[in-house]
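Pasted below: model23.txt, compact mmCIF, N, CA and C atoms.
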```txt
# COMPACT_ATOMS: atom_id res chain seq x y z
N GLN A 761 76.95 155.83 113.34
CA GLN A 761 76.71 155.53 111.95
C GLN A 761 77.03 154.06 111.69
N VAL A 762 76.42 153.55 110.63
CA VAL A 762 76.62 152.15 110.28
C VAL A 762 78.06 151.94 109.83
N GLN A 763 78.70 150.93 110.42
CA GLN A 763 80.05 150.55 110.00
C GLN A 763 80.11 149.05 109.82
N LEU A 764 80.72 148.65 108.71
CA LEU A 764 80.96 147.24 108.41
C LEU A 764 82.43 147.11 108.06
N VAL A 765 83.15 146.26 108.79
CA VAL A 765 84.59 146.13 108.59
C VAL A 765 84.92 144.66 108.32
N GLU A 766 85.32 144.40 107.08
CA GLU A 766 85.68 143.04 106.70
C GLU A 766 87.14 142.73 107.00
N SER A 767 87.43 141.46 107.21
CA SER A 767 88.80 141.00 107.40
C SER A 767 88.87 139.53 107.01
N GLY A 768 90.09 139.04 106.86
CA GLY A 768 90.29 137.61 106.62
C GLY A 768 90.65 137.24 105.20
N GLY A 769 90.69 138.21 104.30
CA GLY A 769 91.06 137.90 102.93
C GLY A 769 92.54 137.58 102.81
N GLY A 770 92.93 137.15 101.62
CA GLY A 770 94.34 136.85 101.39
C GLY A 770 94.53 136.00 100.16
N LEU A 771 95.72 135.45 100.04
CA LEU A 771 96.09 134.59 98.92
C LEU A 771 95.98 133.13 99.36
N VAL A 772 95.30 132.34 98.57
CA VAL A 772 95.12 130.93 98.89
C VAL A 772 95.26 130.11 97.62
N GLN A 773 95.74 128.90 97.76
CA GLN A 773 95.89 128.02 96.60
C GLN A 773 94.54 127.40 96.23
N PRO A 774 94.37 127.03 94.97
CA PRO A 774 93.13 126.34 94.57
C PRO A 774 92.88 125.12 95.45
N GLY A 775 91.63 124.97 95.85
CA GLY A 775 91.25 123.89 96.75
C GLY A 775 91.33 124.26 98.22
N GLY A 776 91.89 125.42 98.50
CA GLY A 776 92.06 125.86 99.88
C GLY A 776 90.81 126.51 100.46
N SER A 777 90.96 126.97 101.69
CA SER A 777 89.84 127.56 102.42
C SER A 777 90.25 128.90 103.04
N LEU A 778 89.26 129.74 103.24
CA LEU A 778 89.42 131.00 103.97
C LEU A 778 88.14 131.27 104.73
N ARG A 779 88.27 131.97 105.85
CA ARG A 779 87.08 132.45 106.55
C ARG A 779 87.16 133.97 106.66
N LEU A 780 86.14 134.61 106.10
CA LEU A 780 86.04 136.06 106.19
C LEU A 780 85.16 136.44 107.38
N SER A 781 85.48 137.58 107.97
CA SER A 781 84.68 138.12 109.06
C SER A 781 84.25 139.54 108.72
N CYS A 782 83.11 139.92 109.26
CA CYS A 782 82.61 141.29 109.09
C CYS A 782 82.09 141.76 110.45
N ALA A 783 82.77 142.74 111.03
CA ALA A 783 82.36 143.32 112.31
C ALA A 783 81.45 144.49 112.04
N ALA A 784 80.27 144.46 112.65
CA ALA A 784 79.24 145.47 112.40
C ALA A 784 79.03 146.35 113.63
N SER A 785 78.69 147.61 113.38
CA SER A 785 78.37 148.52 114.47
C SER A 785 77.48 149.64 113.94
N GLY A 786 76.83 150.34 114.86
CA GLY A 786 76.03 151.50 114.48
C GLY A 786 74.59 151.20 114.14
N PHE A 787 74.17 149.95 114.28
CA PHE A 787 72.78 149.57 114.03
C PHE A 787 72.47 148.33 114.87
N THR A 788 71.20 147.96 114.88
CA THR A 788 70.79 146.79 115.66
C THR A 788 71.06 145.53 114.86
N PHE A 789 72.25 144.98 115.07
CA PHE A 789 72.72 143.85 114.27
C PHE A 789 71.78 142.65 114.37
N SER A 790 71.28 142.38 115.56
CA SER A 790 70.52 141.15 115.79
C SER A 790 69.17 141.14 115.08
N THR A 791 68.74 142.27 114.58
CA THR A 791 67.47 142.31 113.85
C THR A 791 67.66 142.56 112.36
N SER A 792 68.90 142.47 111.90
CA SER A 792 69.21 142.78 110.50
C SER A 792 69.72 141.55 109.75
N ALA A 793 69.12 141.28 108.60
CA ALA A 793 69.70 140.29 107.71
C ALA A 793 71.04 140.82 107.19
N MET A 794 71.95 139.90 106.92
CA MET A 794 73.28 140.28 106.45
C MET A 794 73.62 139.49 105.19
N SER A 795 74.43 140.08 104.36
CA SER A 795 74.82 139.42 103.11
C SER A 795 76.30 139.61 102.84
N TRP A 796 76.83 138.71 102.04
CA TRP A 796 78.17 138.85 101.46
C TRP A 796 78.00 138.94 99.95
N TYR A 797 78.76 139.86 99.36
CA TYR A 797 78.84 140.01 97.92
C TYR A 797 80.30 139.93 97.50
N ARG A 798 80.51 139.76 96.22
CA ARG A 798 81.88 139.83 95.69
C ARG A 798 81.87 140.52 94.34
N GLN A 799 83.02 141.09 94.02
CA GLN A 799 83.17 141.74 92.73
C GLN A 799 84.55 141.45 92.18
N ALA A 800 84.57 140.79 91.03
CA ALA A 800 85.82 140.49 90.33
C ALA A 800 86.11 141.61 89.34
N PRO A 801 87.37 141.81 88.96
CA PRO A 801 87.71 142.87 88.01
C PRO A 801 86.90 142.75 86.72
N GLY A 802 86.29 143.84 86.32
CA GLY A 802 85.53 143.87 85.09
C GLY A 802 84.17 143.23 85.15
N LYS A 803 83.76 142.80 86.34
CA LYS A 803 82.46 142.13 86.48
C LYS A 803 81.57 142.89 87.46
N GLU A 804 80.29 142.61 87.40
CA GLU A 804 79.35 143.22 88.32
C GLU A 804 79.46 142.56 89.69
N ARG A 805 79.06 143.32 90.69
CA ARG A 805 79.03 142.77 92.05
C ARG A 805 77.94 141.71 92.11
N GLU A 806 78.26 140.56 92.73
CA GLU A 806 77.28 139.48 92.82
C GLU A 806 77.12 139.02 94.25
N LEU A 807 75.89 138.60 94.55
CA LEU A 807 75.57 138.08 95.87
C LEU A 807 76.15 136.68 96.03
N VAL A 808 76.78 136.42 97.19
CA VAL A 808 77.29 135.07 97.45
C VAL A 808 76.65 134.43 98.68
N GLY A 809 75.86 135.17 99.42
CA GLY A 809 75.17 134.54 100.53
C GLY A 809 74.41 135.55 101.37
N THR A 810 73.28 135.14 101.90
CA THR A 810 72.46 135.96 102.78
C THR A 810 72.04 135.12 103.97
N ILE A 811 72.04 135.74 105.15
CA ILE A 811 71.60 135.06 106.37
C ILE A 811 70.57 135.93 107.07
N SER A 812 69.53 135.29 107.57
CA SER A 812 68.48 136.03 108.27
C SER A 812 68.99 136.56 109.60
N SER A 813 68.21 137.43 110.21
CA SER A 813 68.64 138.07 111.45
C SER A 813 68.91 137.07 112.57
N ALA A 814 68.11 136.02 112.63
CA ALA A 814 68.29 135.02 113.68
C ALA A 814 69.27 133.93 113.28
N GLY A 815 69.66 133.94 112.02
CA GLY A 815 70.62 132.94 111.55
C GLY A 815 70.01 131.61 111.17
N ASN A 816 68.69 131.53 111.11
CA ASN A 816 68.05 130.25 110.83
C ASN A 816 67.64 130.08 109.37
N SER A 817 67.98 131.04 108.54
CA SER A 817 67.70 130.93 107.11
C SER A 817 68.88 131.49 106.33
N ARG A 818 69.34 130.72 105.34
CA ARG A 818 70.47 131.12 104.52
C ARG A 818 70.14 130.87 103.06
N ASN A 819 70.67 131.70 102.20
CA ASN A 819 70.50 131.51 100.77
C ASN A 819 71.83 131.73 100.07
N TYR A 820 72.06 130.92 99.02
CA TYR A 820 73.29 131.00 98.25
C TYR A 820 72.96 130.88 96.76
N PRO A 821 73.76 131.51 95.90
CA PRO A 821 73.61 131.24 94.47
C PRO A 821 74.25 129.89 94.14
N SER A 822 73.92 129.37 92.99
CA SER A 822 74.41 128.05 92.61
C SER A 822 75.93 128.02 92.47
N SER A 823 76.53 129.19 92.17
CA SER A 823 77.98 129.23 91.95
C SER A 823 78.78 128.90 93.21
N VAL A 824 78.20 129.08 94.40
CA VAL A 824 78.95 128.84 95.62
C VAL A 824 78.27 127.83 96.54
N LYS A 825 77.06 127.43 96.22
CA LYS A 825 76.31 126.52 97.09
C LYS A 825 77.08 125.22 97.29
N GLY A 826 77.17 124.80 98.54
CA GLY A 826 77.91 123.59 98.87
C GLY A 826 79.37 123.85 99.19
N ARG A 827 79.88 125.03 98.84
CA ARG A 827 81.27 125.38 99.12
C ARG A 827 81.39 126.50 100.15
N PHE A 828 80.46 127.44 100.12
CA PHE A 828 80.48 128.60 101.01
C PHE A 828 79.39 128.45 102.07
N THR A 829 79.71 128.90 103.28
CA THR A 829 78.74 128.90 104.37
C THR A 829 78.76 130.24 105.08
N ILE A 830 77.60 130.87 105.16
CA ILE A 830 77.48 132.13 105.89
C ILE A 830 76.93 131.83 107.28
N SER A 831 77.49 132.52 108.28
CA SER A 831 77.03 132.33 109.65
C SER A 831 77.15 133.66 110.38
N ARG A 832 76.61 133.71 111.59
CA ARG A 832 76.66 134.96 112.34
C ARG A 832 76.70 134.67 113.83
N ASP A 833 77.26 135.63 114.55
CA ASP A 833 77.28 135.59 116.00
C ASP A 833 76.69 136.90 116.48
N ASN A 834 75.43 136.87 116.88
CA ASN A 834 74.76 138.11 117.26
C ASN A 834 75.31 138.71 118.57
N ALA A 835 75.95 137.88 119.37
CA ALA A 835 76.58 138.39 120.60
C ALA A 835 77.83 139.21 120.28
N LYS A 836 78.45 138.90 119.14
CA LYS A 836 79.68 139.61 118.74
C LYS A 836 79.44 140.60 117.60
N ASN A 837 78.20 140.73 117.16
CA ASN A 837 77.89 141.62 116.02
C ASN A 837 78.79 141.32 114.82
N THR A 838 78.93 140.06 114.52
CA THR A 838 79.84 139.64 113.47
C THR A 838 79.17 138.60 112.57
N VAL A 839 79.41 138.76 111.27
CA VAL A 839 78.96 137.78 110.29
C VAL A 839 80.20 137.19 109.62
N TYR A 840 80.12 135.91 109.29
CA TYR A 840 81.25 135.19 108.74
C TYR A 840 80.91 134.59 107.37
N LEU A 841 81.94 134.35 106.58
CA LEU A 841 81.79 133.61 105.34
C LEU A 841 82.91 132.58 105.29
N GLN A 842 82.54 131.32 105.48
CA GLN A 842 83.50 130.23 105.35
C GLN A 842 83.51 129.78 103.90
N MET A 843 84.68 129.81 103.29
CA MET A 843 84.81 129.47 101.88
C MET A 843 85.74 128.28 101.75
N ASN A 844 85.22 127.20 101.20
CA ASN A 844 85.99 125.97 101.00
C ASN A 844 86.10 125.66 99.51
N SER A 845 87.01 124.79 99.17
CA SER A 845 87.22 124.36 97.78
C SER A 845 87.33 125.57 96.85
N LEU A 846 88.12 126.54 97.25
CA LEU A 846 88.24 127.77 96.47
C LEU A 846 88.89 127.51 95.12
N GLN A 847 88.40 128.23 94.12
CA GLN A 847 88.89 128.12 92.76
C GLN A 847 89.32 129.50 92.26
N PRO A 848 90.15 129.54 91.22
CA PRO A 848 90.59 130.85 90.70
C PRO A 848 89.43 131.79 90.37
N GLU A 849 88.30 131.25 89.95
CA GLU A 849 87.16 132.12 89.62
C GLU A 849 86.50 132.74 90.84
N ASP A 850 86.92 132.32 92.04
CA ASP A 850 86.43 132.95 93.26
C ASP A 850 87.24 134.20 93.61
N THR A 851 88.28 134.47 92.85
CA THR A 851 89.09 135.67 93.09
C THR A 851 88.25 136.92 92.90
N ALA A 852 88.21 137.75 93.93
CA ALA A 852 87.38 138.95 93.92
C ALA A 852 87.62 139.74 95.20
N VAL A 853 87.07 140.93 95.23
CA VAL A 853 86.93 141.67 96.49
C VAL A 853 85.58 141.27 97.09
N TYR A 854 85.61 140.88 98.35
CA TYR A 854 84.41 140.43 99.04
C TYR A 854 83.91 141.51 99.99
N TYR A 855 82.61 141.78 99.91
CA TYR A 855 82.00 142.87 100.67
C TYR A 855 80.90 142.34 101.58
N CYS A 856 80.83 142.92 102.75
CA CYS A 856 79.73 142.70 103.68
C CYS A 856 78.65 143.74 103.39
N ASN A 857 77.40 143.35 103.58
CA ASN A 857 76.29 144.25 103.23
C ASN A 857 75.13 144.07 104.19
N THR A 858 74.47 145.18 104.47
CA THR A 858 73.16 145.11 105.12
C THR A 858 72.27 146.18 104.52
N LYS A 859 70.99 145.94 104.58
CA LYS A 859 70.01 146.90 104.09
C LYS A 859 69.18 147.38 105.26
N ILE A 860 69.14 148.69 105.45
CA ILE A 860 68.36 149.27 106.53
C ILE A 860 67.39 150.27 105.92
N LEU A 861 66.10 150.00 106.11
CA LEU A 861 65.04 150.77 105.44
C LEU A 861 65.32 150.68 103.94
N LEU A 862 65.58 151.75 103.27
CA LEU A 862 65.78 151.72 101.82
C LEU A 862 67.24 151.87 101.43
N SER A 863 68.14 151.84 102.41
CA SER A 863 69.54 152.11 102.12
C SER A 863 70.40 150.86 102.24
N ASN A 864 71.35 150.75 101.31
CA ASN A 864 72.36 149.69 101.35
C ASN A 864 73.61 150.23 102.02
N TYR A 865 74.21 149.40 102.86
CA TYR A 865 75.46 149.76 103.51
C TYR A 865 76.51 148.69 103.18
N TRP A 866 77.74 149.16 102.93
CA TRP A 866 78.82 148.29 102.49
C TRP A 866 80.05 148.52 103.34
N GLY A 867 80.82 147.44 103.50
CA GLY A 867 82.14 147.60 104.07
C GLY A 867 83.12 148.02 102.99
N GLN A 868 84.40 148.09 103.37
CA GLN A 868 85.44 148.54 102.42
C GLN A 868 85.91 147.40 101.53
N GLY A 869 85.56 146.17 101.90
CA GLY A 869 85.93 145.00 101.11
C GLY A 869 87.24 144.38 101.56
N THR A 870 87.38 143.10 101.26
CA THR A 870 88.62 142.39 101.53
C THR A 870 88.95 141.52 100.32
N GLN A 871 90.20 141.58 99.89
CA GLN A 871 90.61 140.90 98.66
C GLN A 871 90.86 139.43 98.92
N VAL A 872 90.28 138.60 98.08
CA VAL A 872 90.54 137.16 98.09
C VAL A 872 91.14 136.80 96.73
N THR A 873 92.33 136.21 96.76
CA THR A 873 92.99 135.79 95.53
C THR A 873 93.28 134.30 95.61
N VAL A 874 92.77 133.58 94.62
CA VAL A 874 92.98 132.12 94.56
C VAL A 874 93.92 131.84 93.39
N SER A 875 95.12 131.42 93.73
CA SER A 875 96.13 131.22 92.69
C SER A 875 97.20 130.27 93.19
N SER A 876 97.76 129.52 92.27
CA SER A 876 98.88 128.64 92.62
C SER A 876 100.20 129.34 92.37
```
The structure in this file should be written as structure tokens.
Amino acid sequence: QVQLVESGGGLVQPGGSLRLSCAASGFTFSTSAMSWYRQAPGKERELVGTISSAGNSRNYPSSVKGRFTISRDNAKNTVYLQMNSLQPEDTAVYYCNTKILLSNYWGQGTQVTVSS
């Protein structure tokens, strides 16, 4: 079965950096686009980055463009989210996602808290 396991979250000061990882299994990772989403308390889940299956195409919303970088290692079945210049408004639970046929699959999420 599809499994997505996020790690790397934690508490960081404003201006700091974190790198999240998502280990994938149960599907053909190398042919699947992958995404990161986040959800802050009381807000809807929002997309923060998508990477194509080969890793040669990436998309970001304006809220994180220039600060966040999504990457992947198809040999390790892992997708990453490098987050720089973190701000308190980046505080959220971050989720890994893939879409297979018509179904969305999610990890359990990892908490990122940006606070001094």
Item to check | Contacts of Lys859 of chain A within 6.5 Å, only N, CA and C atoms, excl. fewer than 3 positions in-chain, as a ChimeraX atom specification | outcome: /A:793-794,862-865
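Of the residues in segment 808-837 of chain A, those given strand (DSSP E) by DSSP on the backbone are A:Val808, A:Gly809, A:Thr810, A:Ile811, A:Arg818, A:Asn819, A:Phe828, A:Thr829, A:Ile830, A:Ser831, A:Arg832, A:Asp833.
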Determine the axis-aligned bounding box of all atoms of segment 843-859 of chain A present in the file, pad each side by 5 Å, and express its centre and edge lengths in Å to one decimal place as AutoDock Vina command-line options.
```
--center_x 79.9 --center_y 135.9 --center_z 97.4 --size_x 31.4 --size_y 33.0 --size_z 25.6
```
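Minimum atom-to-atom distance to Gln842 of chain A, evaluated using all atoms listed in the file, belongs to A:Ile830 out of A:Leu771, A:Ile830, A:Leu764, A:Ile811.
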Next on the checklist: Show me the residues close to (95.1, 137.7, 98.1) - anything with an atom within 6 Å, counting only C-alpha atoms - and format the list as an NGL selection string.
Outcome noted: :A and (770-771 or 871-873)
Item to check | Long-range neighbours of Asn844 of chain A as a ChimeraX atom specification, 7 Å cut-off, all atoms listed in the file, 3 positions minimum in chain | outcome: /A:775-778,826-829,847
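Here atom CA of Gly869 of chain A stands at a distance of 11.5 Å from atom N of Leu780 of chain A.
Compared by their closest atoms to Thr791 of chain A, and using all atoms listed in the file, the residues A:Asn834, A:Asn857, A:Ser875, A:Asn819 rank with A:Asn834 nearest.
Going from atom CA of Gln868 of chain A to atom CA of Lys825 of chain A covers 24.4 Å.
Relative to atom CA of Asn837 of chain A, atom N of Trp796 of chain A is found at 14.3 Å.
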Item to check | Which of A:Val772, A:Ala800, A:Val839, A:Val808 sits closest to Val824 of chain A [using all atoms listed in the file] | outcome: A:Val808
Item to check | Residue contacts of Val765 of chain A (6.5 Å, only N, CA and C atoms) excluding same-chain residues fewer than 4 positions away, as a list in words | outcome: Ser781, Cys782, Ala783, Ala784, Gly867 and Gln868 of chain A
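Excluding Ser795 of chain A itself and same-chain residues fewer than 6 positions from it, the residues having an atom within 6 Å of it are Gly809, Thr810, Cys856 and Asn857 of chain A, counting only C-alpha atoms.
In terms of minimum interatomic distance to Val762 of chain A, A:Thr858 ranks closest within A:Thr851, A:Ser812, A:Ser876, A:Thr858, counting only C-alpha atoms.
Comparing the minimum interatomic distances between Thr870 of chain A and each of A:Ser792, A:Ser845, A:Gln773, A:Ser767, counting all atoms listed in the file, we find that A:Ser767 sits nearest.
Comparing the minimum interatomic distances between Pro801 of chain A and each of A:Leu861, A:Ala852, A:Trp866, A:Leu846, counting all atoms listed in the file, we find that A:Ala852 sits nearest.
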Next on the checklist: Could you pull out the helix (DSSP H, G or I) residues of segment 768-874 of chain A, going by DSSP on the backbone, and write them as a PyMOL selection string?
Outcome noted: chain A and resi 789-791+848-850
Once you've located segment 761-823 of chain A in the structure I gave, write it as a compact mmCIF listing (two decimals), in the first residue's frame, keeping C-alpha atoms.
```txt
# COMPACT_ATOMS: atom_id res chain seq x y z
CA GLN A 761 0.00 0.00 0.00
CA VAL A 762 1.05 3.58 -0.54
CA GLN A 763 2.99 5.00 2.39
CA LEU A 764 4.37 8.50 2.81
CA VAL A 765 6.38 9.26 5.94
CA GLU A 766 7.46 12.81 6.64
CA SER A 767 10.28 13.86 8.96
CA GLY A 768 12.44 16.86 9.74
CA GLY A 769 9.97 19.24 11.33
CA GLY A 770 10.65 21.14 14.51
CA LEU A 771 11.01 24.53 16.16
CA VAL A 772 13.08 27.14 14.38
CA GLN A 773 13.67 30.84 14.90
CA PRO A 774 12.51 33.40 12.33
CA GLY A 775 15.01 33.59 9.50
CA GLY A 776 16.11 30.02 10.06
CA SER A 777 16.02 26.97 7.82
CA LEU A 778 14.69 23.42 7.91
CA ARG A 779 14.76 20.53 5.49
CA LEU A 780 11.81 18.17 5.43
CA SER A 781 11.99 14.66 4.03
CA CYS A 782 9.27 12.32 2.81
CA ALA A 783 10.06 8.62 2.37
CA ALA A 784 7.72 6.95 -0.09
CA SER A 785 6.85 3.30 -0.64
CA GLY A 786 4.16 1.11 -2.14
CA PHE A 787 4.08 2.72 -5.59
CA THR A 788 6.39 3.53 -8.48
CA PHE A 789 7.99 6.66 -7.05
CA SER A 790 10.09 7.48 -10.11
CA THR A 791 7.03 7.93 -12.31
CA SER A 792 4.99 9.97 -9.83
CA ALA A 793 4.87 13.72 -9.37
CA MET A 794 5.16 14.68 -5.71
CA SER A 795 3.93 17.66 -3.74
CA TRP A 796 4.24 19.29 -0.35
CA TYR A 797 1.27 20.95 1.31
CA ARG A 798 0.83 22.71 4.62
CA GLN A 799 -2.04 23.44 6.94
CA ALA A 800 -2.01 26.06 9.66
CA PRO A 801 -4.56 26.02 12.51
CA GLY A 802 -7.91 27.29 11.31
CA LYS A 803 -6.79 27.50 7.69
CA GLU A 804 -7.24 25.36 4.61
CA ARG A 805 -4.50 23.08 3.40
CA GLU A 806 -2.37 24.86 0.80
CA LEU A 807 0.10 23.69 -1.81
CA VAL A 808 3.70 24.79 -1.23
CA GLY A 809 5.48 22.96 -4.02
CA THR A 810 5.22 20.32 -6.73
CA ILE A 811 7.99 18.44 -8.52
CA SER A 812 7.66 16.35 -11.66
CA SER A 813 8.55 12.67 -11.69
CA ALA A 814 11.97 13.29 -13.23
CA GLY A 815 12.62 16.31 -11.06
CA ASN A 816 13.07 18.69 -13.98
CA SER A 817 9.97 20.78 -13.36
CA ARG A 818 8.96 22.52 -10.13
CA ASN A 819 6.14 24.86 -9.22
CA TYR A 820 5.64 27.05 -6.16
CA PRO A 821 3.00 29.52 -4.99
CA SER A 822 4.08 33.12 -4.59
CA SER A 823 3.99 32.81 -0.79
```
